[in-house]
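A.B. asks: What follows is model-v4.pdb, PDB, C-alpha atoms (C1' of nucleotides).
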```pdb
ATOM      1  CA  MET K   2      89.924 125.287  99.044
ATOM      2  CA  THR K   3      86.364 124.015  98.615
ATOM      3  CA  ILE K   4      85.334 120.903  96.729
ATOM      4  CA  GLY K   5      84.113 122.968  93.792
ATOM      5  CA  GLU K   6      87.366 124.772  93.276
ATOM      6  CA  THR K   7      89.315 121.570  93.759
ATOM      7  CA  SER K   8      87.169 120.010  91.087
ATOM      8  CA  ARG K   9      87.924 122.832  88.656
ATOM      9  CA  ARG K  10      91.630 122.622  89.357
ATOM     10  CA  THR K  11      92.095 118.874  89.196
ATOM     11  CA  GLY K  12      89.520 117.708  86.702
ATOM     12  CA  TRP K  13      87.976 115.311  89.197
ATOM     13  CA  SER K  14      84.205 115.755  89.472
ATOM     14  CA  PRO K  15      82.826 116.617  92.901
ATOM     15  CA  ARG K  16      81.136 113.260  92.893
ATOM     16  CA  MET K  17      84.454 111.525  92.392
ATOM     17  CA  LEU K  18      86.176 113.620  95.023
ATOM     18  CA  ARG K  19      83.593 112.426  97.515
ATOM     19  CA  TYR K  20      84.024 108.877  96.280
ATOM     20  CA  LEU K  21      87.804 109.073  96.672
ATOM     21  CA  GLU K  22      87.304 110.220 100.225
ATOM     22  CA  GLN K  23      84.891 107.389 100.902
ATOM     23  CA  GLU K  24      87.481 104.910  99.646
ATOM     24  CA  GLY K  25      90.108 106.475 101.880
ATOM     25  CA  LEU K  26      92.370 107.513  99.001
ATOM     26  CA  VAL K  27      92.232 111.306  99.405
ATOM     27  CA  VAL K  28      90.725 112.426 102.689
ATOM     28  CA  PRO K  29      90.452 116.198 103.155
ATOM     29  CA  ALA K  30      89.954 117.982 106.465
ATOM     30  CA  ARG K  31      86.576 119.473 107.316
ATOM     31  CA  SER K  32      85.515 123.003 108.189
ATOM     32  CA  ASP K  33      83.388 123.677 111.265
ATOM     33  CA  ALA K  34      80.259 123.479 109.167
ATOM     34  CA  GLY K  35      81.319 120.164 107.656
ATOM     35  CA  TYR K  36      82.628 121.462 104.327
ATOM     36  CA  ARG K  37      85.558 119.551 102.833
ATOM     37  CA  ARG K  38      88.758 121.619 102.829
ATOM     38  CA  TYR K  39      91.409 120.625 100.298
ATOM     39  CA  GLY K  40      94.996 121.848 100.605
ATOM     40  CA  ILE K  41      98.190 121.607  98.609
ATOM     41  CA  ARG K  42      98.844 118.097  99.835
ATOM     42  CA  GLU K  43      95.481 116.912  98.578
ATOM     43  CA  LEU K  44      95.953 118.642  95.238
ATOM     44  CA  ASN K  45      99.203 116.783  94.746
ATOM     45  CA  GLN K  46      97.645 113.480  95.713
ATOM     46  CA  LEU K  47      94.769 114.039  93.315
ATOM     47  CA  ASN K  48      97.039 114.888  90.427
ATOM     48  CA  ALA K  49      99.314 111.927  91.128
ATOM     49  CA  LEU K  50      96.273 109.671  91.295
ATOM     50  CA  ALA K  51      94.923 110.880  87.956
ATOM     51  CA  ASP K  52      98.350 110.479  86.426
ATOM     52  CA  ILE K  53      98.723 106.880  87.603
ATOM     53  CA  ARG K  54      95.284 105.931  86.357
ATOM     54  CA  ALA K  55      95.866 107.506  82.958
ATOM     55  CA  ARG K  56      99.287 106.004  82.407
ATOM     56  CA  PHE K  57      98.921 102.529  83.851
ATOM     57  CA  ASP K  58      95.256 101.654  83.760
ATOM     58  CA  VAL K  59      95.152 100.922  87.471
ATOM     59  CA  GLU K  60      91.904 100.552  89.415
ATOM     60  CA  LEU K  61      91.199 102.481  92.577
ATOM     61  CA  ALA K  62      90.906  99.237  94.510
ATOM     62  CA  GLU K  63      94.473  98.490  93.543
ATOM     63  CA  LEU K  64      95.719 101.799  94.897
ATOM     64  CA  GLU K  65      93.795 101.128  98.067
ATOM     65  CA  PHE K  66      95.623  97.848  98.207
ATOM     66  CA  ALA K  67      98.952  99.661  98.017
ATOM     67  CA  LEU K  68      97.845 101.670 101.040
ATOM     68  CA  ARG K  69      96.815  98.527 102.892
ATOM     69  CA  LEU K  70     100.187  96.974 102.154
ATOM     70  CA  ARG K  71     101.960  99.740 103.922
ATOM     71  CA  ARG K  72      99.516  99.825 106.807
ATOM     72  CA  GLU K  73      98.988  96.143 107.549
ATOM     73  CA  PRO K  74     102.210  94.295 108.238
ATOM     74  CA  ALA K  75     100.441  90.937 108.458
ATOM     75  CA  LEU K  76      99.016  91.398 104.993
ATOM     76  CA  ARG K  77     102.347  92.541 103.639
ATOM     77  CA  GLY K  78     104.002  89.463 105.064
ATOM     78  CA  ALA K  79     101.438  87.105 103.588
ATOM     79  CA  VAL K  80     101.724  88.682 100.158
ATOM     80  CA  GLU K  81     105.478  88.513 100.266
ATOM     81  CA  THR K  82     105.281  84.865 101.175
ATOM     82  CA  TRP K  83     103.122  84.248  98.166
ATOM     83  CA  LEU K  84     105.350  86.304  95.905
ATOM     84  CA  ALA K  85     108.334  84.310  97.105
ATOM     85  CA  GLY K  86     106.837  81.240  95.422
ATOM     86  CA  THR K  87     106.303  83.146  92.198
ATOM     87  CA  THR K  88     108.689  83.055  89.317
ATOM     88  CA  VAL K  89     110.127  86.528  89.367
ATOM     89  CA  PRO K  90     112.364  87.677  86.560
ATOM     90  CA  ALA K  91     115.674  88.940  87.865
ATOM     91  CA  ALA K  92     115.871  92.667  87.352
ATOM     92  CA  ASP K  93     118.777  92.659  84.939
ATOM     93  CA  GLN K  94     118.119  89.611  82.798
ATOM     94  CA  THR K  95     115.381  88.752  80.372
ATOM     95  CA  SER K  96     113.085  86.030  81.564
ATOM     96  CA  PRO K  97     111.761  84.337  78.437
ATOM     97  CA  ALA K  98     108.944  82.347  79.987
ATOM     98  CA  TRP K  99     107.382  85.333  81.692
ATOM     99  CA  VAL K 100     107.756  87.625  78.713
ATOM    100  CA  GLU K 101     106.101  85.074  76.498
ATOM    101  CA  TRP K 102     103.290  84.728  78.980
ATOM    102  CA  GLU K 103     102.647  88.446  79.097
ATOM    103  CA  GLN K 104     102.629  88.600  75.332
ATOM    104  CA  ARG K 105     100.000  85.914  75.061
ATOM    105  CA  LYS K 106      97.911  87.623  77.697
ATOM    106  CA  HIS K 107      98.115  90.770  75.627
ATOM    107  CA  GLU K 108      97.008  88.921  72.534
ATOM    108  CA  ARG K 109      93.980  87.588  74.346
ATOM    109  CA  LEU K 110      92.994  91.080  75.371
ATOM    110  CA  LEU K 111      93.357  92.355  71.839
ATOM    111  CA  ALA K 112      91.306  89.441  70.579
ATOM    112  CA  THR K 113      88.399  90.159  72.882
ATOM    113  CA  ASP K 114      88.599  93.846  72.038
ATOM    114  CA  ALA K 115      88.387  93.070  68.349
ATOM    115  CA  ALA K 116      85.361  90.819  68.774
TER     116      ALA K 116
ATOM    117  CA  MET G  23      99.994  66.496  88.945
ATOM    118  CA  THR G  24      96.909  67.015  86.776
ATOM    119  CA  ILE G  25      94.349  69.738  87.222
ATOM    120  CA  GLY G  26      91.854  67.323  88.766
ATOM    121  CA  GLU G  27      94.190  66.127  91.465
ATOM    122  CA  THR G  28      95.338  69.665  92.133
ATOM    123  CA  SER G  29      91.731  70.649  92.549
ATOM    124  CA  ARG G  30      91.141  67.889  95.080
ATOM    125  CA  ARG G  31      94.263  68.817  97.013
ATOM    126  CA  THR G  32      93.827  72.575  97.139
ATOM    127  CA  GLY G  33      90.094  73.082  97.190
ATOM    128  CA  TRP G  34      90.185  75.298  94.097
ATOM    129  CA  SER G  35      87.746  74.141  91.425
ATOM    130  CA  PRO G  36      89.232  73.236  88.037
ATOM    131  CA  ARG G  37      87.392  76.229  86.622
ATOM    132  CA  MET G  38      89.129  78.523  89.075
ATOM    133  CA  LEU G  39      92.512  76.944  88.444
ATOM    134  CA  ARG G  40      92.102  77.792  84.760
ATOM    135  CA  TYR G  41      90.959  81.271  85.681
ATOM    136  CA  LEU G  42      93.975  81.806  87.913
ATOM    137  CA  GLU G  43      96.192  80.803  85.033
ATOM    138  CA  GLN G  44      94.386  83.187  82.712
ATOM    139  CA  GLU G  45      94.986  86.014  85.165
ATOM    140  CA  GLY G  46      98.652  85.119  85.392
ATOM    141  CA  LEU G  47      98.558  84.350  89.105
ATOM    142  CA  VAL G  48      99.396  80.642  89.016
ATOM    143  CA  VAL G  49     100.685  79.441  85.661
ATOM    144  CA  PRO G  50     101.491  75.730  85.455
ATOM    145  CA  ALA G  51     103.664  74.075  82.825
ATOM    146  CA  ARG G  52     102.049  72.021  80.081
ATOM    147  CA  SER G  53     102.533  68.431  79.029
ATOM    148  CA  ASP G  54     103.181  67.552  75.392
ATOM    149  CA  ALA G  55      99.489  67.028  74.844
ATOM    150  CA  GLY G  56      98.623  70.387  76.397
ATOM    151  CA  TYR G  57      97.593  69.171  79.823
ATOM    152  CA  ARG G  58      98.341  71.491  82.721
ATOM    153  CA  ARG G  59     101.020  70.080  85.026
ATOM    154  CA  TYR G  60     101.066  71.392  88.581
ATOM    155  CA  GLY G  61     104.074  70.866  90.827
ATOM    156  CA  ILE G  62     105.008  71.572  94.414
ATOM    157  CA  ARG G  63     105.684  75.236  93.652
ATOM    158  CA  GLU G  64     102.196  75.689  92.243
ATOM    159  CA  LEU G  65     100.629  73.865  95.192
ATOM    160  CA  ASN G  66     102.316  76.275  97.561
ATOM    161  CA  GLN G  67     101.242  79.279  95.542
ATOM    162  CA  LEU G  68      97.656  78.059  95.460
ATOM    163  CA  ASN G  69      97.534  77.475  99.177
ATOM    164  CA  ALA G  70      99.105  80.842  99.921
ATOM    165  CA  LEU G  71      96.622  82.495  97.606
ATOM    166  CA  ALA G  72      93.643  80.873  99.271
ATOM    167  CA  ASP G  73      95.020  81.816 102.656
ATOM    168  CA  ILE G  74      95.441  85.469 101.746
ATOM    169  CA  ARG G  75      91.952  85.684 100.305
ATOM    170  CA  ALA G  76      90.393  84.055 103.335
ATOM    171  CA  ARG G  77      92.247  86.117 105.917
ATOM    172  CA  PHE G  78      92.333  89.546 104.327
ATOM    173  CA  ASP G  79      89.448  89.711 101.875
ATOM    174  CA  VAL G  80      91.739  90.641  99.018
ATOM    175  CA  GLU G  81      90.624  90.513  95.382
ATOM    176  CA  LEU G  82      92.559  88.686  92.725
ATOM    177  CA  ALA G  83      93.055  91.951  90.840
ATOM    178  CA  GLU G  84      94.863  93.273  93.879
ATOM    179  CA  LEU G  85      97.260  90.349  93.952
ATOM    180  CA  GLU G  86      97.847  90.857  90.248
ATOM    181  CA  PHE G  87      98.689  94.422  91.117
ATOM    182  CA  ALA G  88     101.314  93.241  93.588
ATOM    183  CA  LEU G  89     102.858  91.283  90.742
ATOM    184  CA  ARG G  90     102.775  94.312  88.469
ATOM    185  CA  LEU G  91     104.457  96.386  91.137
ATOM    186  CA  ARG G  92     107.422  94.114  91.187
ATOM    187  CA  ARG G  93     107.567  93.793  87.406
ATOM    188  CA  GLU G  94     107.011  97.388  86.288
ATOM    189  CA  PRO G  95     109.488  99.817  87.804
ATOM    190  CA  ALA G  96     107.772 102.835  86.252
ATOM    191  CA  LEU G  97     104.510 101.898  87.916
ATOM    192  CA  ARG G  98     106.223 101.248  91.196
ATOM    193  CA  GLY G  99     107.840 104.660  91.050
ATOM    194  CA  ALA G 100     104.584 106.433  90.294
ATOM    195  CA  VAL G 101     102.792 104.685  93.135
ATOM    196  CA  GLU G 102     105.569 105.507  95.554
ATOM    197  CA  THR G 103     105.385 109.131  94.505
ATOM    198  CA  TRP G 104     101.695 109.148  95.256
ATOM    199  CA  LEU G 105     102.176 107.359  98.566
ATOM    200  CA  ALA G 106     104.768 109.948  99.522
ATOM    201  CA  GLY G 107     101.991 112.554  99.571
ATOM    202  CA  THR G 108      99.846 110.351 101.768
ATOM    203  CA  THR G 109      99.706 110.658 105.509
ATOM    204  CA  VAL G 110     101.400 107.492 106.596
ATOM    205  CA  PRO G 111     101.443 106.515 110.258
ATOM    206  CA  ALA G 112     104.926 105.870 111.501
ATOM    207  CA  ALA G 113     105.335 102.185 112.230
ATOM    208  CA  ASP G 114     105.913 102.500 115.958
ATOM    209  CA  GLN G 115     103.515 105.239 116.975
ATOM    210  CA  THR G 116      99.766 105.476 116.979
ATOM    211  CA  SER G 117      98.366 107.855 114.431
ATOM    212  CA  PRO G 118      95.058 109.122 115.811
ATOM    213  CA  ALA G 119      93.681 110.723 112.661
ATOM    214  CA  TRP G 120      94.204 107.676 110.535
ATOM    215  CA  VAL G 121      92.894 105.247 113.126
ATOM    216  CA  GLU G 122      89.772 107.300 113.495
ATOM    217  CA  TRP G 123      89.280 107.304 109.743
ATOM    218  CA  GLU G 124      89.583 103.543 109.502
ATOM    219  CA  GLN G 125      87.133 103.118 112.332
ATOM    220  CA  ARG G 126      84.551 105.244 110.617
ATOM    221  CA  LYS G 127      85.071 103.365 107.378
ATOM    222  CA  HIS G 128      84.428 100.186 109.294
ATOM    223  CA  GLU G 129      81.264 101.594 110.769
ATOM    224  CA  ARG G 130      79.988 102.472 107.321
ATOM    225  CA  LEU G 131      80.564  98.936 106.156
ATOM    226  CA  LEU G 132      78.743  97.533 109.151
ATOM    227  CA  ALA G 133      75.876  99.922 108.558
ATOM    228  CA  THR G 134      75.390  98.796 104.964
ATOM    229  CA  ASP G 135      75.702  95.171 105.995
ATOM    230  CA  ALA G 136      73.007  95.622 108.599
ATOM    231  CA  ALA G 137      70.617  97.304 106.160
TER     232      ALA G 137
ATOM    233  C1'  DG E   3      88.677  50.133  72.947
ATOM    234  C1'  DC E   4      86.657  52.520  76.330
ATOM    235  C1'  DA E   5      86.097  55.056  80.810
ATOM    236  C1'  DA E   6      87.912  58.725  82.836
ATOM    237  C1'  DC E   7      90.330  62.095  82.355
ATOM    238  C1'  DC E   8      91.864  66.498  79.884
ATOM    239  C1'  DT E   9      91.310  70.626  76.458
ATOM    240  C1'  DT E  10      88.958  75.217  74.697
ATOM    241  C1'  DC E  11      84.823  77.866  74.134
ATOM    242  C1'  DA E  12      80.560  79.932  75.292
ATOM    243  C1'  DC E  13      76.358  81.147  78.102
ATOM    244  C1'  DA E  14      74.843  82.707  82.402
ATOM    245  C1'  DC E  15      74.511  85.216  86.598
ATOM    246  C1'  DA E  16      75.022  87.888  91.076
ATOM    247  C1'  DG E  17      77.577  91.450  92.765
ATOM    248  C1'  DC E  18      80.668  95.201  92.835
ATOM    249  C1'  DC E  19      83.013  99.684  90.579
ATOM    250  C1'  DG E  20      83.086 104.064  88.810
ATOM    251  C1'  DT E  21      80.215 107.645  87.589
ATOM    252  C1'  DG E  22      76.261 110.836  86.759
ATOM    253  C1'  DA E  23      71.946 112.846  88.158
ATOM    254  C1'  DT E  24      68.845 114.633  91.397
ATOM    255  C1'  DA E  25      66.458 115.645  95.717
ATOM    256  C1'  DA E  26      66.149 117.819 100.250
ATOM    257  C1'  DG E  27      68.299 120.641 103.117
ATOM    258  C1'  DG E  28      72.326 123.610 105.621
ATOM    259  C1'  DT E  29      76.150 127.695 105.067
ATOM    260  C1'  DT E  30      78.141 131.868 103.484
ATOM    261  C1'  DG E  31      79.167 136.366 101.770
ATOM    262  C1'  DG E  32      77.869 140.691  99.859
TER     263       DG E  32
ATOM    264  C1'  DC U  19      67.993 137.913 102.322
ATOM    265  C1'  DC U  20      69.239 135.411  98.593
ATOM    266  C1'  DA U  21      72.351 133.343  95.060
ATOM    267  C1'  DA U  22      75.716 130.238  95.007
ATOM    268  C1'  DC U  23      77.744 127.261  97.187
ATOM    269  C1'  DC U  24      78.044 123.056 100.297
ATOM    270  C1'  DT U  25      76.149 118.598 102.678
ATOM    271  C1'  DT U  26      74.142 113.578 102.712
ATOM    272  C1'  DA U  27      71.310 110.106 100.483
ATOM    273  C1'  DT U  28      69.332 107.600  96.686
ATOM    274  C1'  DC U  29      68.464 105.750  91.967
ATOM    275  C1'  DA U  30      70.518 104.412  87.822
ATOM    276  C1'  DC U  31      73.556 102.286  84.619
ATOM    277  C1'  DG U  32      77.301  99.815  81.791
ATOM    278  C1'  DG U  33      81.024  97.020  82.462
ATOM    279  C1'  DC U  34      83.967  93.881  84.806
ATOM    280  C1'  DT U  35      84.862  89.708  88.396
ATOM    281  C1'  DG U  36      84.429  85.371  90.027
ATOM    282  C1'  DT U  37      82.177  81.261  89.470
ATOM    283  C1'  DG U  38      79.229  77.303  87.668
ATOM    284  C1'  DT U  39      77.639  74.541  83.854
ATOM    285  C1'  DG U  40      77.632  72.473  79.590
ATOM    286  C1'  DA U  41      79.098  71.175  74.720
ATOM    287  C1'  DA U  42      82.387  69.308  71.485
ATOM    288  C1'  DG U  43      86.344  67.080  71.090
ATOM    289  C1'  DG U  44      91.449  65.138  72.167
ATOM    290  C1'  DT U  45      94.525  61.869  75.517
ATOM    291  C1'  DT U  46      95.687  58.139  78.492
ATOM    292  C1'  DG U  47      96.005  53.912  80.981
ATOM    293  C1'  DC U  48      94.466  49.462  81.675
TER     294       DC U  48
END
```
What do you get writing this file as structure tokens?
C.D. replies:
Amino acid sequence: MTIGETSRRTGWSPRMLRYLEQEGLVVPARSDAGYRRYGIRELNQLNALADIRARFDVELAELEFALRLRREPALRGAVETWLAGTTVPAADQTSPAWVEWEQRKHERLLATDAA
Amino acid sequence: MTIGETSRRTGWSPRMLRYLEQEGLVVPARSDAGYRRYGIRELNQLNALADIRARFDVELAELEFALRLRREPALRGAVETWLAGTTVPAADQTSPAWVEWEQRKHERLLATDAA
DNA sequence: GCAACCTTCACACAGCCGTGATAAGGTTGG
DNA sequence: CCAACCTTATCACGGCTGTGTGAAGGTTGC
């Protein structure tokens, strides 16, 4: 599948498909002449990517970071060390301090939006 | 420990310490009068943070994303779904295609740096 | 009571991110 | 052989990030 057809099927512009490749997020194979060839795997990745961005307001750099985390054990270790010092709410109990913090952060965002 | 002393001990400027709080990365307690109070936990977090940034060239937004991943199960699930469609090198074997890709990405960065 | 701290708020700025547009040129299929 | 595609490269732009600086005012310890 060429870049044009992939664009029509996924909603990503050709420009963005090239950008996603450049960032290492969705890297298609190449034909002999150098044309990008997208397959089913890439289609799924592209749709999942669009879905994540739409639902969670996540930047591409952050998805790249998720990739790095699984590729670079040293980085993963360092981040986990840092996270270990962070106050993490236990999964099954409410953590009042953190919830309150998130709420205030949200208020700040709303405030700047309103201004 | 006040913000000034924390600044002297960690190398983060007071401005940045306030910024880190605003971003939710290192959130100190407050005294009755509203002064930020940093403790040993915060010192460790700050040092770990500086270390990660220096060694891996990671943005603050990316660390925030790591926090989100552990706080938002729905997001974590969506990202894992996307990662599942990604070609991931097995931990104990070299993955030629991916290595080659990373090398070329590196070359591109060097090229732009040199220009 | 005052120097040395702290607070929030705002202005400023370089640099990067995501995205479109466009140019100059190669490939492909009927 | 040519229309419709593809390639790379470049310019452009608004918006956000990370950081400094300064103003206006509250707190604290000696």
A.B. asks: List the neighbours of DT9 (chain E) out to 8 Å using all atoms listed in the file; skip same-chain residues closer than 2 positions along the sequence, and give me the result as an NGL selection string.
C.D. replies: (:G and (56-57)) or (:U and (44))
A.B. asks: Kindly provide, as number ranges by chain, the residues of chain K having any atom no farther than 10 Å from an atom of chain E, counting all atoms listed in the file.
C.D. replies: K: 14, 16-17, 20, 34-36, 60-62
A.B. asks: Could you list the residues chosen by the PyMOL selection byres ((chain G) within 9 of (chain K)) in this structure as a ChimeraX atom specification?
C.D. replies: /G:44-49,63-64,66-71,73-74,77-78,80-81,83-89,92-93,97,100-101,103-108,110-111,113,123-124,127
A.B. asks: Compute the set of chain U residues within 10 Å of chain G, using only C-alpha atoms (C1' of nucleotides), and express it as a JSON list (two decimals) with C-alpha atoms (C1' of nucleotides), in the frame of the given file.
C.D. replies:
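So the final result, stored in out.json, reads:
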```json
[["chain", "number", "residue", "atom", "x", "y", "z"],
["U", 35, "DT", "C1'", 84.86, 89.71, 88.40],
["U", 36, "DG", "C1'", 84.43, 85.37, 90.03],
["U", 37, "DT", "C1'", 82.18, 81.26, 89.47],
["U", 38, "DG", "C1'", 79.23, 77.30, 87.67],
["U", 44, "DG", "C1'", 91.45, 65.14, 72.17],
["U", 45, "DT", "C1'", 94.52, 61.87, 75.52]]
```
A.B. asks: Rounded to one decimal place, report the CA of Arg19 (chain K)-CA of Glu6 (chain K) distance in Å.
C.D. replies: 13.6 Å
A.B. asks: Figure out the distance between CA of Asp79 (chain G) and CA of Arg58 (chain G), please, to one decimal in Å.
C.D. replies: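 That distance, rounded to one decimal, is 27.9 Å.
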A.B. asks: Using only C-alpha atoms, can you tell me which of G:Thr32, G:Thr24, G:Arg75, G:Leu39 comes closest to Gly61 (chain G)?
C.D. replies: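 For Gly61 (chain G), the nearest of the given residues is G:Thr24.
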A.B. asks: Have a look at C1' of DC20 (chain U) and CA of Arg10 (chain K) and let me know their distance in Å, one decimal.
C.D. replies: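 Separating C1' of DC20 (chain U) from CA of Arg10 (chain K) is a distance of 27.4 Å.
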A.B. asks: Box in all listed atoms of region 29-48 of chain G, axis-aligned, with 6 Å more on each side; write out centre and edge lengths in Å to one decimal as lines of an AutoDock Vina configuration file.
C.D. replies:
```
center_x = 93.4
center_y = 77.0
center_z = 90.0
size_x = 24.0
size_y = 30.1
size_z = 26.5
```
A.B. asks: Supply region 45-65 of chain K as a PDB file, in the coordinates of the input, with N, CA and C atoms built in where the input has gaps.
C.D. replies:
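What landed in result23.pdb:
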```
ATOM      1  N   ASN K  45      98.145 117.633  95.289  1.00  0.00           N
ATOM      2  CA  ASN K  45      99.203 116.783  94.746  1.00  0.00           C
ATOM      3  C   ASN K  45      98.761 115.327  94.671  1.00  0.00           C
ATOM      4  N   GLN K  46      98.114 114.856  95.729  1.00  0.00           N
ATOM      5  CA  GLN K  46      97.645 113.480  95.713  1.00  0.00           C
ATOM      6  C   GLN K  46      96.685 113.250  94.551  1.00  0.00           C
ATOM      7  N   LEU K  47      95.771 114.204  94.366  1.00  0.00           N
ATOM      8  CA  LEU K  47      94.769 114.039  93.315  1.00  0.00           C
ATOM      9  C   LEU K  47      95.412 114.017  91.939  1.00  0.00           C
ATOM     10  N   ASN K  48      96.381 114.876  91.725  1.00  0.00           N
ATOM     11  CA  ASN K  48      97.039 114.888  90.427  1.00  0.00           C
ATOM     12  C   ASN K  48      97.842 113.608  90.213  1.00  0.00           C
ATOM     13  N   ALA K  49      98.540 113.155  91.256  1.00  0.00           N
ATOM     14  CA  ALA K  49      99.314 111.927  91.128  1.00  0.00           C
ATOM     15  C   ALA K  49      98.389 110.752  90.822  1.00  0.00           C
ATOM     16  N   LEU K  50      97.246 110.741  91.494  1.00  0.00           N
ATOM     17  CA  LEU K  50      96.273 109.671  91.295  1.00  0.00           C
ATOM     18  C   LEU K  50      95.782 109.646  89.849  1.00  0.00           C
ATOM     19  N   ALA K  51      95.409 110.809  89.339  1.00  0.00           N
ATOM     20  CA  ALA K  51      94.923 110.880  87.956  1.00  0.00           C
ATOM     21  C   ALA K  51      96.017 110.431  86.997  1.00  0.00           C
ATOM     22  N   ASP K  52      97.233 110.838  87.292  1.00  0.00           N
ATOM     23  CA  ASP K  52      98.350 110.479  86.426  1.00  0.00           C
ATOM     24  C   ASP K  52      98.538 108.964  86.384  1.00  0.00           C
ATOM     25  N   ILE K  53      98.533 108.331  87.557  1.00  0.00           N
ATOM     26  CA  ILE K  53      98.723 106.880  87.603  1.00  0.00           C
ATOM     27  C   ILE K  53      97.624 106.164  86.823  1.00  0.00           C
ATOM     28  N   ARG K  54      96.394 106.596  87.047  1.00  0.00           N
ATOM     29  CA  ARG K  54      95.284 105.931  86.357  1.00  0.00           C
ATOM     30  C   ARG K  54      95.414 106.078  84.846  1.00  0.00           C
ATOM     31  N   ALA K  55      95.788 107.276  84.400  1.00  0.00           N
ATOM     32  CA  ALA K  55      95.866 107.506  82.958  1.00  0.00           C
ATOM     33  C   ALA K  55      97.001 106.695  82.337  1.00  0.00           C
ATOM     34  N   ARG K  56      98.127 106.630  83.028  1.00  0.00           N
ATOM     35  CA  ARG K  56      99.287 106.004  82.407  1.00  0.00           C
ATOM     36  C   ARG K  56      99.308 104.491  82.546  1.00  0.00           C
ATOM     37  N   PHE K  57      98.736 103.959  83.612  1.00  0.00           N
ATOM     38  CA  PHE K  57      98.921 102.529  83.851  1.00  0.00           C
ATOM     39  C   PHE K  57      97.635 101.735  83.915  1.00  0.00           C
ATOM     40  N   ASP K  58      96.511 102.387  83.732  1.00  0.00           N
ATOM     41  CA  ASP K  58      95.256 101.654  83.760  1.00  0.00           C
ATOM     42  C   ASP K  58      95.113 100.855  85.056  1.00  0.00           C
ATOM     43  N   VAL K  59      95.221 101.552  86.163  1.00  0.00           N
ATOM     44  CA  VAL K  59      95.152 100.922  87.471  1.00  0.00           C
ATOM     45  C   VAL K  59      93.800 101.260  88.103  1.00  0.00           C
ATOM     46  N   GLU K  60      93.178 100.291  88.753  1.00  0.00           N
ATOM     47  CA  GLU K  60      91.904 100.552  89.415  1.00  0.00           C
ATOM     48  C   GLU K  60      92.124 101.195  90.777  1.00  0.00           C
ATOM     49  N   LEU K  61      91.098 101.859  91.259  1.00  0.00           N
ATOM     50  CA  LEU K  61      91.199 102.481  92.577  1.00  0.00           C
ATOM     51  C   LEU K  61      91.415 101.427  93.652  1.00  0.00           C
ATOM     52  N   ALA K  62      90.748 100.289  93.507  1.00  0.00           N
ATOM     53  CA  ALA K  62      90.906  99.237  94.510  1.00  0.00           C
ATOM     54  C   ALA K  62      92.374  98.819  94.617  1.00  0.00           C
ATOM     55  N   GLU K  63      93.073  98.904  93.524  1.00  0.00           N
ATOM     56  CA  GLU K  63      94.473  98.490  93.543  1.00  0.00           C
ATOM     57  C   GLU K  63      95.324  99.519  94.280  1.00  0.00           C
ATOM     58  N   LEU K  64      95.012 100.781  94.119  1.00  0.00           N
ATOM     59  CA  LEU K  64      95.719 101.799  94.897  1.00  0.00           C
ATOM     60  C   LEU K  64      95.390 101.664  96.375  1.00  0.00           C
ATOM     61  N   GLU K  65      94.137 101.369  96.671  1.00  0.00           N
ATOM     62  CA  GLU K  65      93.795 101.128  98.067  1.00  0.00           C
ATOM     63  C   GLU K  65      94.627  99.984  98.618  1.00  0.00           C
TER      64      GLU K  65
END
```
